[in-house]
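**Student:** For reference, this is model-v3.cif, and it has mmCIF, C-alpha atoms and all ligand atoms.
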data_query
#
loop_
_atom_site.label_atom_id
_atom_site.label_comp_id
_atom_site.auth_asym_id
_atom_site.auth_seq_id
_atom_site.Cartn_x
_atom_site.Cartn_y
_atom_site.Cartn_z
CA MET F 215 -1.30 -0.85 -24.73
CA ASP F 216 1.32 0.16 -27.28
CA ILE F 217 4.19 2.35 -26.11
CA THR F 218 4.70 3.77 -29.63
CA THR F 219 1.27 5.47 -29.65
CA LEU F 220 1.45 6.78 -26.09
CA GLN F 221 0.03 10.31 -25.82
CA THR F 222 -0.31 10.89 -22.09
CA LEU F 223 1.90 9.57 -19.31
CA LEU F 224 0.78 9.80 -15.66
CA ILE F 225 3.83 9.55 -13.42
CA ASP F 226 4.24 8.65 -9.75
CA GLY F 227 6.89 10.59 -7.80
CA ASP F 228 8.63 8.70 -5.00
CA GLY F 229 10.42 5.55 -6.18
CA VAL F 230 10.03 6.59 -9.83
CA LEU F 231 11.42 10.14 -10.22
CA TRP F 232 13.07 10.55 -6.86
CA HIS F 233 13.96 8.95 -3.55
CA GLY F 234 13.19 11.56 -0.90
CA SER F 235 15.15 14.61 -1.98
CA GLN F 236 17.39 12.75 -4.47
CA PRO F 237 16.43 12.59 -8.17
CA VAL F 238 16.90 9.22 -9.88
CA PRO F 239 19.69 9.12 -12.50
CA GLY F 240 18.63 10.20 -16.01
CA LEU F 241 15.67 12.28 -14.81
CA ALA F 242 16.31 15.38 -16.95
CA ARG F 243 16.88 13.31 -20.10
CA PHE F 244 13.68 11.33 -19.46
CA PHE F 245 11.63 14.54 -19.53
CA ASP F 246 13.52 15.73 -22.63
CA VAL F 247 12.44 12.55 -24.42
CA LEU F 248 8.80 13.06 -23.35
CA HIS F 249 8.99 16.59 -24.71
CA LYS F 250 10.54 15.45 -28.02
CA ARG F 251 7.93 12.73 -28.40
CA ASN F 252 5.13 15.23 -27.64
CA ILE F 253 3.88 13.12 -24.74
CA ASN F 254 1.75 15.01 -22.19
CA TRP F 255 2.65 14.20 -18.63
CA GLY F 256 1.28 14.76 -15.15
CA LEU F 257 2.57 13.92 -11.68
CA LEU F 258 0.15 11.65 -9.78
CA THR F 259 1.06 11.34 -6.13
CA ASN F 260 -0.93 9.96 -3.21
CA ASN F 261 1.07 12.24 -0.92
CA ALA F 262 -1.06 15.17 0.29
CA THR F 263 1.58 16.69 2.57
CA HIS F 264 3.01 19.05 -0.08
CA THR F 265 1.36 21.85 -2.01
CA THR F 266 1.26 22.09 -5.82
CA GLN F 267 3.82 24.89 -5.54
CA SER F 268 6.26 22.73 -3.57
CA TYR F 269 6.02 19.89 -6.13
CA MET F 270 6.71 22.41 -8.92
CA GLU F 271 9.71 23.68 -6.97
CA LYS F 272 10.96 20.14 -6.32
CA LEU F 273 10.79 19.28 -10.04
CA GLY F 274 12.29 22.67 -10.89
CA GLY F 275 15.23 21.86 -8.61
CA PHE F 276 15.83 18.76 -10.76
CA GLY F 277 15.74 20.89 -13.94
CA VAL F 278 12.16 19.95 -14.93
CA THR F 279 9.58 22.65 -15.66
CA ALA F 280 6.03 21.77 -14.62
CA GLY F 281 2.88 23.90 -14.59
CA PRO F 282 0.40 23.83 -11.69
CA ASP F 283 -2.09 21.96 -13.89
CA GLN F 284 0.40 19.06 -14.22
CA ILE F 285 0.41 18.28 -10.49
CA PHE F 286 -2.22 15.85 -9.18
CA SER F 287 -1.83 15.03 -5.48
CA SER F 288 -4.49 13.39 -3.34
CA GLY F 289 -4.99 16.88 -1.87
CA THR F 290 -5.56 18.72 -5.16
CA VAL F 291 -7.74 15.87 -6.42
CA THR F 292 -9.85 16.09 -3.24
CA ALA F 293 -10.43 19.80 -3.89
CA HIS F 294 -11.29 19.10 -7.53
CA TYR F 295 -13.62 16.22 -6.66
CA LEU F 296 -15.53 18.18 -4.00
CA ARG F 297 -15.90 21.20 -6.27
CA LYS F 298 -16.93 19.27 -9.39
CA ASN F 299 -19.10 16.55 -7.95
CA ASN F 300 -20.82 18.19 -5.07
CA HIS F 301 -21.59 21.87 -5.29
CA ALA F 302 -23.36 21.74 -1.93
CA ILE F 303 -20.06 21.28 -0.10
CA GLN F 304 -18.65 24.49 1.34
CA SER F 305 -17.30 23.64 4.79
CA ILE F 306 -14.82 20.87 5.59
CA TYR F 307 -13.37 19.46 8.79
CA VAL F 308 -9.81 18.32 8.02
CA ILE F 309 -7.48 15.88 9.74
CA GLY F 310 -4.25 16.48 7.85
CA GLN F 311 -1.01 18.38 7.46
CA SER F 312 -0.93 22.13 6.69
CA ALA F 313 -0.45 21.60 2.92
CA LEU F 314 -3.81 19.82 2.65
CA LYS F 315 -5.62 22.53 4.62
CA GLU F 316 -3.94 25.20 2.48
CA THR F 317 -4.96 23.43 -0.74
CA LEU F 318 -8.61 23.19 0.36
CA THR F 319 -8.69 26.78 1.65
CA GLU F 320 -7.24 28.06 -1.65
CA ALA F 321 -9.89 26.08 -3.50
CA GLY F 322 -12.50 28.20 -1.72
CA PHE F 323 -13.68 25.90 1.08
CA THR F 324 -14.12 26.95 4.71
CA VAL F 325 -11.73 24.69 6.58
CA TYR F 326 -12.01 23.63 10.22
CA ASP F 327 -9.41 21.66 12.17
CA GLY F 328 -8.31 20.93 15.73
CA GLU F 329 -10.25 19.57 18.68
CA GLU F 330 -13.09 22.05 18.80
CA GLU F 331 -16.31 20.76 17.28
CA PRO F 332 -17.79 22.97 14.55
CA GLN F 333 -21.59 23.39 14.56
CA HIS F 334 -21.82 21.82 11.14
CA VAL F 335 -19.58 20.79 8.23
CA ASP F 336 -20.54 19.45 4.80
CA ALA F 337 -17.54 17.13 4.50
CA VAL F 338 -14.79 15.49 6.55
CA VAL F 339 -11.42 14.94 4.84
CA VAL F 340 -8.92 12.63 6.53
CA SER F 341 -5.24 12.18 5.67
CA ILE F 342 -1.92 11.81 7.44
CA ASP F 343 -1.65 14.14 10.45
CA ARG F 344 1.57 14.04 12.45
CA ALA F 345 -0.26 15.80 15.29
CA ILE F 346 -3.26 13.45 15.41
CA THR F 347 -5.08 13.39 18.77
CA TYR F 348 -8.03 11.62 20.38
CA GLY F 349 -9.94 14.93 20.28
CA LYS F 350 -9.54 15.19 16.49
CA LEU F 351 -10.74 11.61 16.00
CA ARG F 352 -13.79 12.44 18.12
CA VAL F 353 -14.67 15.54 16.05
CA ALA F 354 -14.30 13.62 12.76
CA MET F 355 -16.43 10.76 14.08
CA ARG F 356 -19.21 13.09 15.23
CA MET F 357 -19.26 15.15 12.02
CA ILE F 358 -19.48 11.99 9.91
CA GLY F 359 -22.19 10.71 12.23
CA ALA F 360 -24.09 13.96 11.66
CA GLY F 361 -24.13 13.26 7.91
CA ALA F 362 -20.98 14.89 6.50
CA THR F 363 -19.54 13.42 3.27
CA TYR F 364 -16.51 11.34 4.30
CA ILE F 365 -13.44 11.66 2.04
CA ALA F 366 -10.04 10.01 2.56
CA THR F 367 -6.98 11.13 0.62
CA ASN F 368 -5.08 7.85 0.22
CA PRO F 369 -5.15 4.36 1.65
CA ASP F 370 -1.38 3.89 2.20
CA THR F 371 -1.12 2.51 5.74
CA THR F 372 2.64 3.00 5.98
CA PHE F 373 5.41 4.82 4.13
CA PRO F 374 9.16 4.28 4.02
CA THR F 375 11.58 6.71 5.68
CA PRO F 376 15.38 6.45 5.93
CA GLU F 377 14.88 5.24 9.54
CA GLY F 378 12.25 2.60 8.63
CA LEU F 379 8.48 2.44 8.10
CA SER F 380 6.16 5.09 9.58
CA PRO F 381 2.34 5.11 9.91
CA GLY F 382 0.67 6.66 6.86
CA SER F 383 -2.73 8.18 6.04
CA GLY F 384 -4.39 4.78 5.89
CA SER F 385 -3.66 4.13 9.57
CA ILE F 386 -5.38 7.34 10.69
CA ILE F 387 -8.26 6.79 8.23
CA ALA F 388 -8.72 3.28 9.70
CA ALA F 389 -9.19 4.77 13.17
CA VAL F 390 -11.78 7.32 11.94
CA THR F 391 -13.58 4.67 9.89
CA ALA F 392 -13.78 2.31 12.86
CA ALA F 393 -15.16 5.04 15.12
CA ALA F 394 -17.61 6.42 12.55
CA GLY F 395 -18.79 3.03 11.30
CA ARG F 396 -18.81 4.29 7.70
CA ASP F 397 -16.34 3.81 4.83
CA PRO F 398 -14.78 6.85 3.12
CA ILE F 399 -14.52 7.69 -0.56
CA PHE F 400 -10.80 7.41 -1.36
CA MET F 401 -9.24 9.94 -3.74
CA GLY F 402 -5.78 8.40 -4.23
CA LYS F 403 -4.47 5.44 -6.22
CA PRO F 404 -5.58 2.65 -6.73
CA GLU F 405 -9.08 4.16 -6.61
CA PRO F 406 -10.18 5.71 -9.93
CA THR F 407 -10.72 9.40 -9.05
CA MET F 408 -7.13 10.65 -9.38
CA TYR F 409 -6.59 8.92 -12.75
CA GLN F 410 -9.95 10.19 -14.02
CA VAL F 411 -9.30 13.79 -12.99
CA ALA F 412 -5.92 13.68 -14.77
CA MET F 413 -7.27 12.05 -17.95
CA GLN F 414 -10.09 14.56 -18.08
CA HIS F 415 -7.57 17.38 -17.80
CA PHE F 416 -5.47 16.07 -20.69
CA GLY F 417 -8.52 15.03 -22.73
CA SER F 418 -7.01 11.56 -23.03
CA ASP F 419 -8.49 8.04 -23.17
CA PRO F 420 -7.34 4.83 -21.47
CA ASP F 421 -6.20 3.64 -24.97
CA ASN F 422 -3.48 6.27 -25.31
CA THR F 423 -2.69 6.85 -21.62
CA ALA F 424 -0.35 4.97 -19.31
CA MET F 425 0.50 5.12 -15.63
CA LEU F 426 4.19 4.90 -14.74
CA GLY F 427 4.77 3.74 -11.17
CA ASP F 428 6.76 1.64 -8.73
CA ARG F 429 3.91 0.00 -6.75
CA LEU F 430 1.93 -2.90 -8.16
CA ASN F 431 -0.88 -2.60 -5.56
CA THR F 432 -1.53 1.12 -6.16
CA ASP F 433 -0.07 2.66 -9.37
CA ILE F 434 -0.39 -0.44 -11.55
CA LEU F 435 -3.58 -1.92 -10.05
CA GLY F 436 -5.59 1.30 -10.44
CA ALA F 437 -4.40 1.79 -14.04
CA LYS F 438 -5.33 -1.75 -15.09
CA ARG F 439 -8.79 -1.47 -13.45
CA LEU F 440 -9.47 1.54 -15.68
CA GLY F 441 -8.13 -0.23 -18.78
CA MET F 442 -5.17 2.09 -19.28
CA GLY F 443 -1.55 1.13 -19.89
CA ALA F 444 0.72 0.43 -16.94
CA ILE F 445 4.51 0.71 -16.84
CA LEU F 446 6.45 -0.54 -13.81
CA VAL F 447 9.93 0.66 -12.94
CA LEU F 448 12.04 -1.28 -10.46
CA THR F 449 13.56 1.70 -8.60
CA GLY F 450 10.96 1.68 -5.80
CA ILE F 451 8.74 -0.65 -3.80
CA SER F 452 7.83 -3.54 -6.13
CA SER F 453 10.38 -6.01 -7.52
CA ARG F 454 10.33 -8.60 -10.32
CA GLU F 455 9.75 -11.26 -7.63
CA ASP F 456 6.51 -9.51 -6.54
CA LEU F 457 5.00 -9.92 -10.02
CA ALA F 458 4.13 -13.60 -9.60
CA ALA F 459 1.88 -12.93 -6.59
CA SER F 460 0.26 -9.79 -8.07
CA ASP F 461 -3.23 -9.61 -9.60
CA ALA F 462 -2.22 -6.45 -11.43
CA GLN F 463 0.28 -7.03 -14.23
CA PRO F 464 2.03 -4.11 -15.95
CA ASP F 465 2.25 -3.91 -19.76
CA TYR F 466 5.92 -2.95 -19.60
CA ILE F 467 8.67 -3.33 -17.00
CA PHE F 468 11.87 -1.29 -17.02
CA ASP F 469 14.77 -1.16 -14.61
CA ASP F 470 14.40 2.63 -14.35
CA ILE F 471 13.18 5.72 -16.23
CA ALA F 472 16.50 5.88 -18.13
CA ALA F 473 15.66 2.51 -19.72
CA LEU F 474 12.13 3.72 -20.48
CA ALA F 475 13.60 6.85 -22.11
CA ASP F 476 15.76 4.61 -24.35
CA GLU F 477 12.69 2.64 -25.39
CA LEU F 478 10.62 5.75 -26.11
CA GLU F 479 13.46 7.21 -28.15
CA SER F 480 14.01 4.11 -30.27
CA ALA F 481 10.24 3.69 -30.77
CA ALA F 482 10.01 7.20 -32.27
MG MG V 1 5.89 5.53 -5.58
#
What's the structure tokens form of this structure?

**Tutor:**
Amino acid sequence: MDITTLQTLLIDGDGVLWHGSQPVPGLARFFDVLHKRNINWGLLTNNATHTTQSYMEKLGGFGVTAGPDQIFSSGTVTAHYLRKNNHAIQSIYVIGQSALKETLTEAGFTVYDGEEEPQHVDAVVVSIDRAITYGKLRVAMRMIGAGATYIATNPDTTFPTPEGLSPGSGSIIAAVTAAAGRDPIFMGKPEPTMYQVAMQHFGSDPDNTAMLGDRLNTDILGAKRLGMGAILVLTGISSREDLAASDAQPDYIFDDIAALADELESAA
């Protein structure tokens, strides 16, 4: 992968563009450089707990204008995947936060949640749910057992918070999977669906597309499996020391997006 011919950049959020509510230094200039270089970009986040609108507002608050078609979360990609690949799916039982249910409802699906068992659903979608209960696990298990398509948003078992690690989607998915005795189809990184949906949107190929991320085992691994470029920044989870033990090796490593912006500018 050659950074000078880059046409489409897929960008992870947390640890790359921001830490929680704080933008990383040089964020506005980074997007200016992408604009000047005519590089298409999309946000690719495994986090399904925010709507497209709230990601647009978050970026807007940092001075970056993004359209709804530039936001790819594991929630929006789930909606896209179920609509595109399986027209028979109309009803979904969801274990997840309100943003995920909203996203699927807006996409035209009939969404069920809670502890009451629906008569029938076509699919079960499982993600992080801060109000997870035994009753919800039981409904998901039974619906999957009855033949529903089983989708999981993202495999991240934990996520960092200022107070320390917290259980993520992957922990809840593991409980459902164990009970149901069937593996889900994962939408998020490092699985291919999210990258493929984004590339299809931009009409780009792995040759001229790169993923920019902070996690070797998700962002970078998934990109390399698909044969696209991979750029690691060191402002998040993975460090230079982690590279030696990693199967997935990025094509480029930068300290932060400000350093990547310098490189893209001088390559122009
Ligand atoms: Mg990240």

**Student:** Would you give me, as a tab-separated table, each residue of chain F having an atom within 10 Å of an atom of ligand MG 1 (chain V), along with its shortest atom pair and that distance in Å to one decimal, using all atoms listed in the file and sorting by chain and residue number?

**Tutor:**
residue	atom	partner	partner_atom	distance
F:Ile225	CA	V:MG1	MG	9.0
F:Asp226	CA	V:MG1	MG	5.5
F:Gly227	CA	V:MG1	MG	5.6
F:Asp228	CA	V:MG1	MG	4.2
F:Gly229	CA	V:MG1	MG	4.6
F:Val230	CA	V:MG1	MG	6.0
F:Leu231	CA	V:MG1	MG	8.6
F:Trp232	CA	V:MG1	MG	8.9
F:His233	CA	V:MG1	MG	9.0
F:Leu258	CA	V:MG1	MG	9.4
F:Thr259	CA	V:MG1	MG	7.6
F:Asn260	CA	V:MG1	MG	8.5
F:Asn261	CA	V:MG1	MG	9.5
F:Phe373	CA	V:MG1	MG	9.7
F:Leu426	CA	V:MG1	MG	9.3
F:Gly427	CA	V:MG1	MG	6.0
F:Asp428	CA	V:MG1	MG	5.1
F:Arg429	CA	V:MG1	MG	6.0
F:Leu430	CA	V:MG1	MG	9.7
F:Thr432	CA	V:MG1	MG	8.7
F:Asp433	CA	V:MG1	MG	7.6
F:Val447	CA	V:MG1	MG	9.7
F:Thr449	CA	V:MG1	MG	9.1
F:Gly450	CA	V:MG1	MG	6.4
F:Ile451	CA	V:MG1	MG	7.0
F:Ser452	CA	V:MG1	MG	9.3

**Student:** Distance cut-off 12 Å, centre (-9.4, 0.8, -16.9) in file coordinates, counting only C-alpha atoms: which residues qualify? Return them as a PDB file with C-alpha atoms, keeping the file's coordinate frame.

**Tutor:**
ATOM      1  CA  MET F 215      -1.300  -0.850 -24.730  1.00  0.00           C
ATOM      2  CA  PRO F 404      -5.580   2.650  -6.730  1.00  0.00           C
ATOM      3  CA  GLU F 405      -9.080   4.160  -6.610  1.00  0.00           C
ATOM      4  CA  PRO F 406     -10.180   5.710  -9.930  1.00  0.00           C
ATOM      5  CA  THR F 407     -10.720   9.400  -9.050  1.00  0.00           C
ATOM      6  CA  TYR F 409      -6.590   8.920 -12.750  1.00  0.00           C
ATOM      7  CA  GLN F 410      -9.950  10.190 -14.020  1.00  0.00           C
ATOM      8  CA  MET F 413      -7.270  12.050 -17.950  1.00  0.00           C
ATOM      9  CA  ASP F 419      -8.490   8.040 -23.170  1.00  0.00           C
ATOM     10  CA  PRO F 420      -7.340   4.830 -21.470  1.00  0.00           C
ATOM     11  CA  ASP F 421      -6.200   3.640 -24.970  1.00  0.00           C
ATOM     12  CA  ASN F 422      -3.480   6.270 -25.310  1.00  0.00           C
ATOM     13  CA  THR F 423      -2.690   6.850 -21.620  1.00  0.00           C
ATOM     14  CA  ALA F 424      -0.350   4.970 -19.310  1.00  0.00           C
ATOM     15  CA  MET F 425       0.500   5.120 -15.630  1.00  0.00           C
ATOM     16  CA  ILE F 434      -0.390  -0.440 -11.550  1.00  0.00           C
ATOM     17  CA  LEU F 435      -3.580  -1.920 -10.050  1.00  0.00           C
ATOM     18  CA  GLY F 436      -5.590   1.300 -10.440  1.00  0.00           C
ATOM     19  CA  ALA F 437      -4.400   1.790 -14.040  1.00  0.00           C
ATOM     20  CA  LYS F 438      -5.330  -1.750 -15.090  1.00  0.00           C
ATOM     21  CA  ARG F 439      -8.790  -1.470 -13.450  1.00  0.00           C
ATOM     22  CA  LEU F 440      -9.470   1.540 -15.680  1.00  0.00           C
ATOM     23  CA  GLY F 441      -8.130  -0.230 -18.780  1.00  0.00           C
ATOM     24  CA  MET F 442      -5.170   2.090 -19.280  1.00  0.00           C
ATOM     25  CA  GLY F 443      -1.550   1.130 -19.890  1.00  0.00           C
ATOM     26  CA  ALA F 444       0.720   0.430 -16.940  1.00  0.00           C
ATOM     27  CA  ALA F 462      -2.220  -6.450 -11.430  1.00  0.00           C
TER      28      ALA F 462
END

**Student:** Measuring between only C-alpha atoms, which one of F:Glu271, F:Asp336, F:Glu330, F:Asp476 shows the shortest distance to F:Val353?

**Tutor:**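 Using only C-alpha atoms, the shortest distance to F:Val353 belongs to F:Glu330.
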
**Student:** Fewer than 4 positions away in the same chain doesn't count, so skip those; otherwise give me all residues within 12 Å of F:Thr292, counting all atoms listed in the file, as an mmCIF file with C-alpha atoms, in the frame of the given file.

**Tutor:**
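Below is the file out.cif, written as the result:
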data_model
loop_
_atom_site.group_PDB
_atom_site.id
_atom_site.type_symbol
_atom_site.label_atom_id
_atom_site.label_comp_id
_atom_site.auth_asym_id
_atom_site.auth_seq_id
_atom_site.Cartn_x
_atom_site.Cartn_y
_atom_site.Cartn_z
ATOM 1 C CA ASN F 260 -0.930 9.960 -3.210
ATOM 2 C CA ASN F 261 1.070 12.240 -0.920
ATOM 3 C CA ALA F 262 -1.060 15.170 0.290
ATOM 4 C CA PHE F 286 -2.220 15.850 -9.180
ATOM 5 C CA SER F 287 -1.830 15.030 -5.480
ATOM 6 C CA SER F 288 -4.490 13.390 -3.340
ATOM 7 C CA LEU F 296 -15.530 18.180 -4.000
ATOM 8 C CA ARG F 297 -15.900 21.200 -6.270
ATOM 9 C CA LYS F 298 -16.930 19.270 -9.390
ATOM 10 C CA ASN F 299 -19.100 16.550 -7.950
ATOM 11 C CA ASN F 300 -20.820 18.190 -5.070
ATOM 12 C CA ILE F 303 -20.060 21.280 -0.100
ATOM 13 C CA ILE F 306 -14.820 20.870 5.590
ATOM 14 C CA VAL F 308 -9.810 18.320 8.020
ATOM 15 C CA LEU F 314 -3.810 19.820 2.650
ATOM 16 C CA LYS F 315 -5.620 22.530 4.620
ATOM 17 C CA THR F 317 -4.960 23.430 -0.740
ATOM 18 C CA LEU F 318 -8.610 23.190 0.360
ATOM 19 C CA THR F 319 -8.690 26.780 1.650
ATOM 20 C CA ALA F 321 -9.890 26.080 -3.500
ATOM 21 C CA PHE F 323 -13.680 25.900 1.080
ATOM 22 C CA ALA F 337 -17.540 17.130 4.500
ATOM 23 C CA VAL F 338 -14.790 15.490 6.550
ATOM 24 C CA VAL F 339 -11.420 14.940 4.840
ATOM 25 C CA VAL F 340 -8.920 12.630 6.530
ATOM 26 C CA SER F 341 -5.240 12.180 5.670
ATOM 27 C CA THR F 363 -19.540 13.420 3.270
ATOM 28 C CA TYR F 364 -16.510 11.340 4.300
ATOM 29 C CA ILE F 365 -13.440 11.660 2.040
ATOM 30 C CA ALA F 366 -10.040 10.010 2.560
ATOM 31 C CA THR F 367 -6.980 11.130 0.620
ATOM 32 C CA ASN F 368 -5.080 7.850 0.220
ATOM 33 C CA ILE F 399 -14.520 7.690 -0.560
ATOM 34 C CA PHE F 400 -10.800 7.410 -1.360
ATOM 35 C CA MET F 401 -9.240 9.940 -3.740
ATOM 36 C CA GLY F 402 -5.780 8.400 -4.230
ATOM 37 C CA THR F 407 -10.720 9.400 -9.050
ATOM 38 C CA MET F 408 -7.130 10.650 -9.380
ATOM 39 C CA VAL F 411 -9.300 13.790 -12.990
#

**Student:** Which polymer residues have any atom within 6 Å of an atom of stretch 343-350 of chain F, counting all atoms listed in the file, with same-chain residues fewer than 6 positions away left out, as number ranges by chain?

**Tutor:** F: 310-311, 328-329

**Student:** Would you output that residue set with C-alpha atoms, as a compact mmCIF listing (two decimals), in the coordinates of the input?

**Tutor:**
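Written output follows (again_15.txt):
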# COMPACT_ATOMS: atom_id res chain seq x y z
CA GLY F 310 -4.25 16.48 7.85
CA GLN F 311 -1.01 18.38 7.46
CA GLY F 328 -8.31 20.93 15.73
CA GLU F 329 -10.25 19.57 18.68

**Student:** Taking only C-alpha atoms into account, which of F:Leu223, F:Leu478, F:Ala293, F:Ile217 comes nearest F:Lys250?

**Tutor:**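 The shortest atom-to-atom distance to F:Lys250 comes from F:Leu478.
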
**Student:** State, in Å with one decimal place, the distance from atom CA of F:Phe468 to atom CA of F:Leu446.

**Tutor:**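 If I compute the distance from atom CA of F:Phe468 to atom CA of F:Leu446, I get 6.3 Å.
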
**Student:** Which polymer residues have any atom within 10 Å of an atom of F:Arg251, counting all atoms listed in the file, with same-chain residues fewer than 3 positions away left out, as a list in words?

**Tutor:**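 Listed by chain and then number, they are Thr218, Thr219, Leu220, Gln221, Phe245, Asp246, Val247, Leu248, Asn254, Leu478, Glu479, Ala481 and Ala482 of chain F.
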
**Student:** To one decimal place, how far is atom CA of F:Asp327 from atom CA of F:Leu379 in Å?

**Tutor:**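 About the pair atom CA of F:Asp327 and atom CA of F:Leu379: they are 26.6 Å apart.
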
**Student:** Using only C-alpha atoms, which of the listed residues (F:Gly240, F:Gly361, F:Gly256, F:Gly378) sits closest to F:Ile285?

**Tutor:**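 Under the stated criterion, the closest residue is F:Gly256.
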
**Student:** Ranking F:Met357, F:Leu257, F:Leu474, F:Val325 by minimum distance to F:Arg243 and counting all atoms listed in the file, which one comes first?

**Tutor:** F:Leu474

**Student:** Return the single residue from F:Pro398, F:Asp456, F:Gly382, F:Ala280 that is closest to F:His249, with distances computed using only C-alpha atoms.

**Tutor:**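 Comparing F:Pro398, F:Asp456, F:Gly382, F:Ala280 against F:His249, the winner is F:Ala280.
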
**Student:** For each of F:Ser380, F:Thr391, F:Thr222, F:Thr375, take the minimum atom-to-atom distance to F:Ile253, counting only C-alpha atoms, then give the residue where this is smallest.

**Tutor:**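 Between F:Ser380, F:Thr391, F:Thr222, F:Thr375, the residue approaching F:Ile253 most closely is F:Thr222.
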
**Student:** Using Å and a single decimal, report how far atom CA of F:His294 sits from atom CA of F:Thr263.

**Tutor:**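 Calculated distance between atom CA of F:Thr263 and atom CA of F:His294 is 16.5 Å.
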